[in-house]
Structure formats: C-alpha cells, structure tokens
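Trainee: The structure file coords_29.cif (mmCIF, C-alpha atoms) is provided below.
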```cif
data_protein
loop_
_atom_site.label_atom_id
_atom_site.label_comp_id
_atom_site.auth_asym_id
_atom_site.auth_seq_id
_atom_site.Cartn_x
_atom_site.Cartn_y
_atom_site.Cartn_z
CA MET A 75 -8.34 13.46 -9.98
CA GLY A 76 -8.47 10.84 -12.69
CA THR A 77 -4.96 11.44 -14.01
CA VAL A 78 -2.83 8.37 -14.71
CA GLN A 79 0.88 8.67 -15.49
CA VAL A 80 3.43 6.00 -16.31
CA PHE A 81 7.11 6.16 -15.32
CA ASP A 82 9.81 4.46 -17.41
CA PRO A 83 12.86 4.02 -15.15
CA THR A 84 15.10 3.24 -18.12
CA ARG A 85 14.41 6.58 -19.80
CA LYS A 86 13.57 8.33 -16.51
CA ALA A 87 10.54 9.81 -18.25
CA TRP A 88 6.80 10.08 -17.65
CA THR A 89 3.97 9.57 -20.15
CA ASP A 90 0.22 10.01 -19.81
CA ALA A 91 -2.13 7.03 -19.85
CA ALA A 92 -5.94 6.81 -20.14
CA ASP A 93 -7.67 8.63 -17.28
CA LEU A 94 -9.20 6.69 -14.43
CA PRO A 95 -12.95 6.40 -15.26
CA THR A 96 -13.94 7.27 -11.67
CA PRO A 97 -11.75 10.10 -10.32
CA ARG A 98 -10.82 9.37 -6.71
CA THR A 99 -8.53 10.23 -3.82
CA HIS A 100 -7.03 7.85 -1.23
CA LEU A 101 -7.46 4.82 -3.49
CA ALA A 102 -5.27 1.72 -3.34
CA ALA A 103 -3.59 0.00 -6.27
CA ALA A 104 -2.23 -3.49 -6.87
CA THR A 105 -0.93 -5.36 -9.91
CA GLY A 106 -2.42 -8.77 -10.65
CA THR A 107 -0.41 -11.78 -11.79
CA ASP A 108 -1.61 -11.10 -15.34
CA GLY A 109 -0.05 -7.62 -15.32
CA ARG A 110 -3.31 -5.72 -15.03
CA ILE A 111 -3.53 -2.92 -12.47
CA TYR A 112 -6.42 -2.74 -10.01
CA ALA A 113 -7.55 0.69 -8.72
CA ILE A 114 -9.45 -0.05 -5.54
CA GLY A 115 -11.85 1.99 -3.40
CA GLY A 116 -10.96 5.45 -2.14
CA ARG A 117 -13.11 8.55 -1.96
CA SER A 118 -15.07 10.21 -4.77
CA GLY A 119 -17.63 12.88 -5.44
CA ALA A 120 -18.14 16.33 -3.97
CA ALA A 121 -18.69 14.88 -0.51
CA ASP A 122 -15.52 12.72 -0.62
CA ASP A 123 -17.61 9.66 0.16
CA PRO A 124 -15.98 6.21 0.47
CA THR A 125 -16.58 4.06 -2.59
CA ASP A 126 -16.65 0.34 -3.40
CA THR A 127 -15.53 0.99 -6.99
CA VAL A 128 -12.85 -1.23 -8.55
CA GLU A 129 -11.47 -0.45 -12.01
CA ILE A 130 -8.86 -2.46 -13.91
CA TYR A 131 -6.22 -1.11 -16.29
CA THR A 132 -4.77 -3.29 -19.06
CA PRO A 133 -1.36 -1.89 -20.08
CA SER A 134 -1.25 -3.75 -23.40
CA SER A 135 -4.40 -2.00 -24.65
CA GLY A 136 -4.21 1.14 -22.53
CA THR A 137 -7.83 0.75 -21.46
CA TRP A 138 -9.86 0.60 -18.24
CA THR A 139 -12.68 -1.82 -17.44
CA SER A 140 -14.96 -2.18 -14.43
CA GLY A 141 -14.07 -4.82 -11.85
CA THR A 142 -16.08 -6.59 -9.17
CA ALA A 143 -17.09 -4.06 -6.52
CA LEU A 144 -15.63 -4.29 -3.00
CA PRO A 145 -17.78 -5.95 -0.32
CA LYS A 146 -18.30 -2.47 1.19
CA PRO A 147 -17.11 1.09 0.50
CA LEU A 148 -13.53 1.61 1.70
CA GLY A 149 -12.36 5.21 1.93
CA ASP A 150 -8.70 4.75 2.88
CA PRO A 151 -7.68 1.26 1.73
CA ARG A 152 -4.22 -0.28 1.43
CA ALA A 153 -3.62 -3.15 -1.01
CA ALA A 154 -1.03 -5.82 -1.76
CA ARG A 155 -0.91 -8.87 -4.00
CA GLY A 156 0.08 -12.02 -2.16
CA THR A 157 2.30 -14.80 -3.46
CA ASP A 158 -0.95 -16.80 -3.90
CA GLY A 159 -2.06 -14.31 -6.58
CA LYS A 160 -4.88 -12.90 -4.45
CA ILE A 161 -5.20 -9.20 -3.68
CA TYR A 162 -5.49 -8.21 -0.02
CA VAL A 163 -7.13 -4.90 0.88
CA LEU A 164 -7.10 -3.54 4.44
CA ASP A 165 -9.01 -0.55 5.76
CA GLY A 166 -9.58 -0.21 9.50
CA ASP A 167 -11.52 -3.24 10.71
CA THR A 168 -12.08 -4.69 7.22
CA LEU A 169 -9.82 -7.11 5.34
CA ALA A 170 -11.14 -7.86 1.87
CA ILE A 171 -9.55 -10.57 -0.28
CA TYR A 172 -9.97 -10.72 -4.06
CA ASP A 173 -9.63 -13.99 -5.96
CA PRO A 174 -8.95 -13.12 -9.62
CA ASP A 175 -9.78 -16.66 -10.78
CA ALA A 176 -13.30 -16.39 -9.36
CA ALA A 177 -13.53 -12.59 -9.82
CA SER A 178 -14.99 -12.39 -6.32
CA TRP A 179 -14.28 -10.90 -2.90
CA THR A 180 -14.37 -12.46 0.55
CA THR A 181 -13.81 -10.82 3.92
CA ALA A 182 -11.61 -12.01 6.77
CA ASP A 183 -10.55 -10.83 10.20
CA ALA A 184 -8.60 -7.55 10.39
CA PRO A 185 -5.62 -7.17 12.77
CA PRO A 186 -6.53 -7.40 16.48
CA THR A 187 -6.04 -3.64 16.76
CA PRO A 188 -7.75 -1.98 13.77
CA VAL A 189 -5.57 0.65 12.11
CA GLU A 190 -6.07 3.34 9.49
CA ALA A 191 -3.47 3.96 6.77
CA PRO A 192 -0.85 1.31 7.59
CA VAL A 193 1.79 0.10 5.18
CA LEU A 194 0.52 -3.13 3.62
CA THR A 195 2.94 -5.36 1.72
CA ALA A 196 3.39 -8.99 0.75
CA LEU A 197 6.42 -10.94 1.99
CA PRO A 198 8.18 -13.63 -0.07
CA ASP A 199 7.08 -16.30 2.43
CA GLY A 200 3.40 -15.66 1.63
CA ARG A 201 2.51 -13.52 4.63
CA ILE A 202 0.90 -10.08 4.36
CA LEU A 203 2.45 -7.47 6.62
CA ALA A 204 0.55 -4.49 8.08
CA ALA A 205 2.94 -1.98 9.67
CA GLY A 206 2.09 1.17 11.60
CA GLY A 207 -0.97 3.27 10.80
CA SER A 208 -3.29 5.25 13.07
CA THR A 209 -5.16 3.91 16.07
CA THR A 210 -7.73 5.74 18.12
CA GLY A 211 -7.47 5.79 21.89
CA GLY A 212 -9.05 8.24 24.31
CA GLY A 213 -10.67 10.05 21.41
CA ALA A 214 -7.36 10.97 19.72
CA ALA A 215 -5.63 9.27 16.81
CA ARG A 216 -2.00 8.29 17.23
CA ALA A 217 0.68 6.81 15.01
CA SER A 218 1.16 3.14 15.83
CA SER A 219 4.35 1.10 16.03
CA ASP A 220 2.43 -2.20 15.89
CA VAL A 221 3.22 -4.64 13.10
CA TYR A 222 1.05 -7.65 12.28
CA ALA A 223 1.62 -10.50 9.83
CA TYR A 224 -1.33 -12.26 8.18
CA THR A 225 -0.90 -15.89 7.17
CA PRO A 226 -3.50 -16.79 4.53
CA GLY A 227 -5.53 -19.92 4.98
CA THR A 228 -8.35 -21.50 3.02
CA GLY A 229 -11.04 -18.96 2.20
CA ALA A 230 -11.26 -16.57 5.15
CA SER A 231 -9.47 -18.84 7.62
CA GLY A 232 -6.17 -16.94 7.81
CA SER A 233 -4.72 -15.59 11.04
CA TRP A 234 -2.81 -12.54 12.31
CA THR A 235 0.33 -12.67 14.46
CA GLN A 236 2.07 -9.67 16.01
CA VAL A 237 5.75 -9.35 15.06
CA SER A 238 8.50 -6.90 16.07
CA ASP A 239 7.37 -3.30 16.53
CA LEU A 240 8.48 -0.48 14.26
CA PRO A 241 11.33 1.47 15.91
CA THR A 242 9.43 4.68 15.06
CA GLY A 243 5.64 4.59 15.03
CA VAL A 244 4.33 6.07 11.77
CA THR A 245 1.09 6.49 9.89
CA ARG A 246 0.53 7.32 6.22
CA ALA A 247 3.99 6.05 5.36
CA ALA A 248 4.97 4.51 2.03
CA GLY A 249 6.18 0.94 1.85
CA ALA A 250 7.35 -1.74 -0.55
CA THR A 251 9.02 -5.13 -0.42
CA GLY A 252 12.42 -4.83 -2.06
CA PRO A 253 14.13 -7.34 -4.35
CA ASP A 254 16.07 -8.53 -1.30
CA GLY A 255 12.83 -9.68 0.35
CA ARG A 256 12.97 -6.99 3.04
CA LEU A 257 10.20 -4.45 3.70
CA TYR A 258 11.06 -0.76 3.36
CA VAL A 259 8.84 1.69 5.29
CA VAL A 260 9.54 5.24 4.16
CA GLY A 261 8.52 8.51 5.81
CA GLY A 262 5.01 9.06 7.13
CA ARG A 263 3.83 11.00 10.18
CA ASP A 264 5.19 10.21 13.63
CA THR A 265 3.41 10.21 16.99
CA SER A 266 3.62 14.03 17.11
CA GLY A 267 1.97 14.34 13.69
CA ASP A 268 5.18 15.58 12.08
CA VAL A 269 6.40 14.27 8.74
CA THR A 270 9.51 12.13 9.25
CA ASP A 271 12.31 11.09 6.91
CA ALA A 272 12.79 7.77 8.71
CA VAL A 273 13.48 4.70 6.56
CA GLN A 274 12.74 1.52 8.50
CA VAL A 275 13.76 -1.83 7.04
CA TYR A 276 12.25 -5.15 8.16
CA SER A 277 13.96 -8.49 7.67
CA PRO A 278 11.39 -11.32 7.86
CA ASP A 279 14.12 -13.94 8.27
CA ASP A 280 15.07 -12.74 11.76
CA ASP A 281 12.08 -10.50 12.63
CA GLN A 282 14.34 -7.47 13.04
CA TRP A 283 14.15 -3.80 12.04
CA THR A 284 17.14 -1.71 10.99
CA ALA A 285 17.52 1.89 9.86
CA GLY A 286 17.91 2.80 6.19
CA PRO A 287 19.34 5.95 4.57
CA THR A 288 17.37 9.13 5.22
CA GLY A 289 17.17 12.53 3.56
CA ALA A 290 14.98 14.92 1.63
CA ALA A 291 13.76 12.15 -0.70
CA SER A 292 12.31 10.13 2.18
CA LYS A 293 10.72 13.02 4.11
CA ARG A 294 7.13 12.77 2.92
CA ALA A 295 3.73 11.42 3.95
CA ASP A 296 0.87 9.93 1.91
CA ALA A 297 3.33 8.90 -0.81
CA ALA A 298 3.19 5.79 -2.98
CA ALA A 299 5.98 3.22 -3.12
CA THR A 300 6.85 0.31 -5.38
CA THR A 301 9.81 -1.78 -6.44
CA GLY A 302 10.81 -1.40 -10.10
CA GLY A 303 12.14 -4.09 -12.36
CA ASP A 304 15.52 -2.37 -12.08
CA GLY A 305 15.80 -3.41 -8.42
CA GLN A 306 15.20 0.01 -6.91
CA VAL A 307 12.51 1.01 -4.42
CA TYR A 308 10.71 4.11 -5.71
CA VAL A 309 8.79 6.57 -3.54
CA LEU A 310 6.49 8.89 -5.45
CA GLY A 311 4.68 12.10 -4.62
CA GLY A 312 3.00 12.58 -1.26
CA SER A 313 3.03 15.70 0.88
CA SER A 314 5.72 17.69 2.67
CA GLY A 315 5.86 18.69 6.31
CA GLY A 316 4.12 21.92 5.37
CA GLY A 317 1.31 20.04 3.63
CA ASP A 318 2.37 20.90 0.08
CA ALA A 319 1.80 18.28 -2.60
CA LEU A 320 5.07 16.86 -3.97
CA ASP A 321 5.85 15.96 -7.57
CA THR A 322 9.24 14.42 -6.78
CA VAL A 323 10.32 10.79 -7.01
CA GLY A 324 12.94 9.24 -4.76
CA ALA A 325 14.80 6.00 -5.55
CA LEU A 326 16.54 3.79 -3.01
CA SER A 327 19.21 1.71 -4.69
CA LYS A 328 19.88 -1.78 -3.40
#
```
Represent the structure of the file as structure tokens.
Mentor:
Amino acid sequence: MGTVQVFDPTRKAWTDAADLPTPRTHLAAATGTDGRIYAIGGRSGAADDPTDTVEIYTPSSGTWTSGTALPKPLGDPRAARGTDGKIYVLDGDTLAIYDPDAASWTTADAPPTPVEAPVLTALPDGRILAAGGSTTGGGAARASSDVYAYTPGTGASGSWTQVSDLPTGVTRAAGATGPDGRLYVVGGRDTSGDVTDAVQVYSPDDDQWTAGPTGAASKRADAAATTGGDGQVYVLGGSSGGGDALDTVGALSK
C-alpha cells in the first residue's frame, strides 16, 4: 500500500496525506533533524522483492521526493535517528548509516549475532539500541532476548556492546524511546511464536529492565511505535494473535 495518514494527538483525529510514490510493505521510517520523514527500503512489487528505495516526505509542502538509494536492497529494515543527526538502518547483517549533510550512505558492522526485525531506537546518550528480533539456529527462527548497543564512531568505526537481556525474548515488537529517556518495547511475538502483551522498559542509566503496564492495547505484533510531542508513547496498528490487521492506536502515558 501507498497510503499515508497523519495523526493529530491534540484533536485525536486522522487526515490523509500524499500517497507514498512507491507502495511498499515492511518499510522503515525515521524523521530527520529538519523535520522531513524518510521512508526506507521494504518490499515492493508482485514478488514482494526487497528494495533499496528511499523517499522523503516534506510536511510543510505535503510532497514526496526521491532520496539517495540504500547501499543494497533491505526487505525488513528498522531505522532510528541518532543524536548525531544520522539515520541508522539495521536489517540482518547490514547496518547502513545515512549522513543527511552529505546525502550519502555508509555501511558498518552489524551486531555480533545478526537479527531480523529487532526494535531499533536511539538513546539520549548517543547509542543506538537493537533489542530482540529473530535469530536462526538449527534451521529454525527463534525470538531473541539479546540486546546490543552501538556506539557511533567516525565514519564506520563504531562498535557494538551487549547489554542486559530482555526479560522476555520477542521479535517484531514495537519500540520507542520515551521522553524520560527509557526504551519501551511493546508486544511482539515470543519464543513460541505467540503474540504477547508484554511491555518491557529499559533504563540506560543502570542497564536494567522493568515491566510496564500490559493489556489489550499492547498485545500486537508488527506494530509501529513513536513518542508524540505530548509525552506519550503511541503504538499503532500491527496484527493480532489471530493474524488480523489492527486499526487501533494505544497510548502509554508517562
């Protein structure tokens, strides 16, 4: 689908925006420091092929433009903007880094254990956190509890460090860094493949995980998550335990 919709938390209302020029599934999105929104990679076409397409939305004009293509097609990317203004995109064994000043991509090392569909977020201290996801061992995919933190360096010289494991291993969860600087990992699929309502909260100050409030709003997989200007963490769409697409939005108040 190429549908783009905009949520106004003040009015609690949705409006339509200009369609994505290249309809895709499984794409990643990140907002640049200039307020433009980058739609990155994903799968397109009848064969659901991975794509290197990047398209950029300018809210002030309501228009899309083409961006610099990814270094390679990425079919299930996750993206986050770092405190350095760069956009970090992780998919399996590929970490691609976009420098908006140079309008160019570089590649760097992925986590020591490549994962599919982790939660990828930026921490206030400049690190990029990759939590959970799927790993393949013995021919079968499993939800991971591994969490790695990437410390950017110059160019592609950054490094990964393993931090405290998720209490519940999940893949295809939603995640966002809240206004309190903590990471919220919401829902996803557990090691049995079931959709969970777990909310797992990471505090980077003491490298500890705690449990957050659970319920129907958090029980979803393949959802999107973001923190609004109103200080709430929003979880949007996704799929239910039965595989049905969801049109609901959950909000976690601070």
Trainee: Evaluate the PyMOL selection byres ((chain A and resi 266-283) around 9) against this structure - the residues, as a VMD selection string, please.
Mentor: chain A and resid 197 to 199 216 to 217 237 to 242 244 to 245 255 to 265 284 to 295 313 to 316
Trainee: Can you turn the PyMOL selection byres ((chain A and resi 248) around 6) into a concrete residue list for this file, as a ChimeraX atom specification?
Mentor: /A:247,249,259-260,297-299
Trainee: Please compute the CA of Ser233 (chain A)-CA of Asp183 (chain A) distance, one decimal, in Å.
Mentor: 7.6 Å
Trainee: Here's the selection I'm unsure about, the PyMOL selection byres ((chain A and resi 187) around 9); applied to the file above, which residues does it give, as JSON, numbers by chain?
Mentor: {"A": [166, 167, 184, 185, 186, 188, 189, 209, 220]}
Trainee: Given the selection you just returned, output its residues as a file containing C-alpha atoms, formatted as a compact mmCIF listing (two decimals), keeping the file's coordinate frame.
Mentor:
```
# COMPACT_ATOMS: atom_id res chain seq x y z
CA GLY A 166 -9.58 -0.21 9.50
CA ASP A 167 -11.52 -3.24 10.71
CA ALA A 184 -8.60 -7.55 10.39
CA PRO A 185 -5.62 -7.17 12.77
CA PRO A 186 -6.53 -7.40 16.48
CA PRO A 188 -7.75 -1.98 13.77
CA VAL A 189 -5.57 0.65 12.11
CA THR A 209 -5.16 3.91 16.07
CA ASP A 220 2.43 -2.20 15.89
```
Trainee: Using all atoms listed in the file for the distances, tell me which of A:Gly207, A:Gly252, A:Gly302, A:Pro133 is nearest to Asp82 (chain A).
Mentor: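 Smallest separation from Asp82 (chain A) among the options: A:Gly302.
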Trainee: Using all atoms listed in the file, find the one residue out of A:Val78, A:Val323, A:Ala215, A:Ile111 that sits nearest to Pro97 (chain A).
Mentor: A:Val78
Trainee: Using all atoms listed in the file for the distances, tell me which of A:Ile114, A:Gly324, A:Asp150, A:Gly312 is nearest to Lys86 (chain A).
Mentor: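 The answer is A:Gly324, which sits nearest to Lys86 (chain A).
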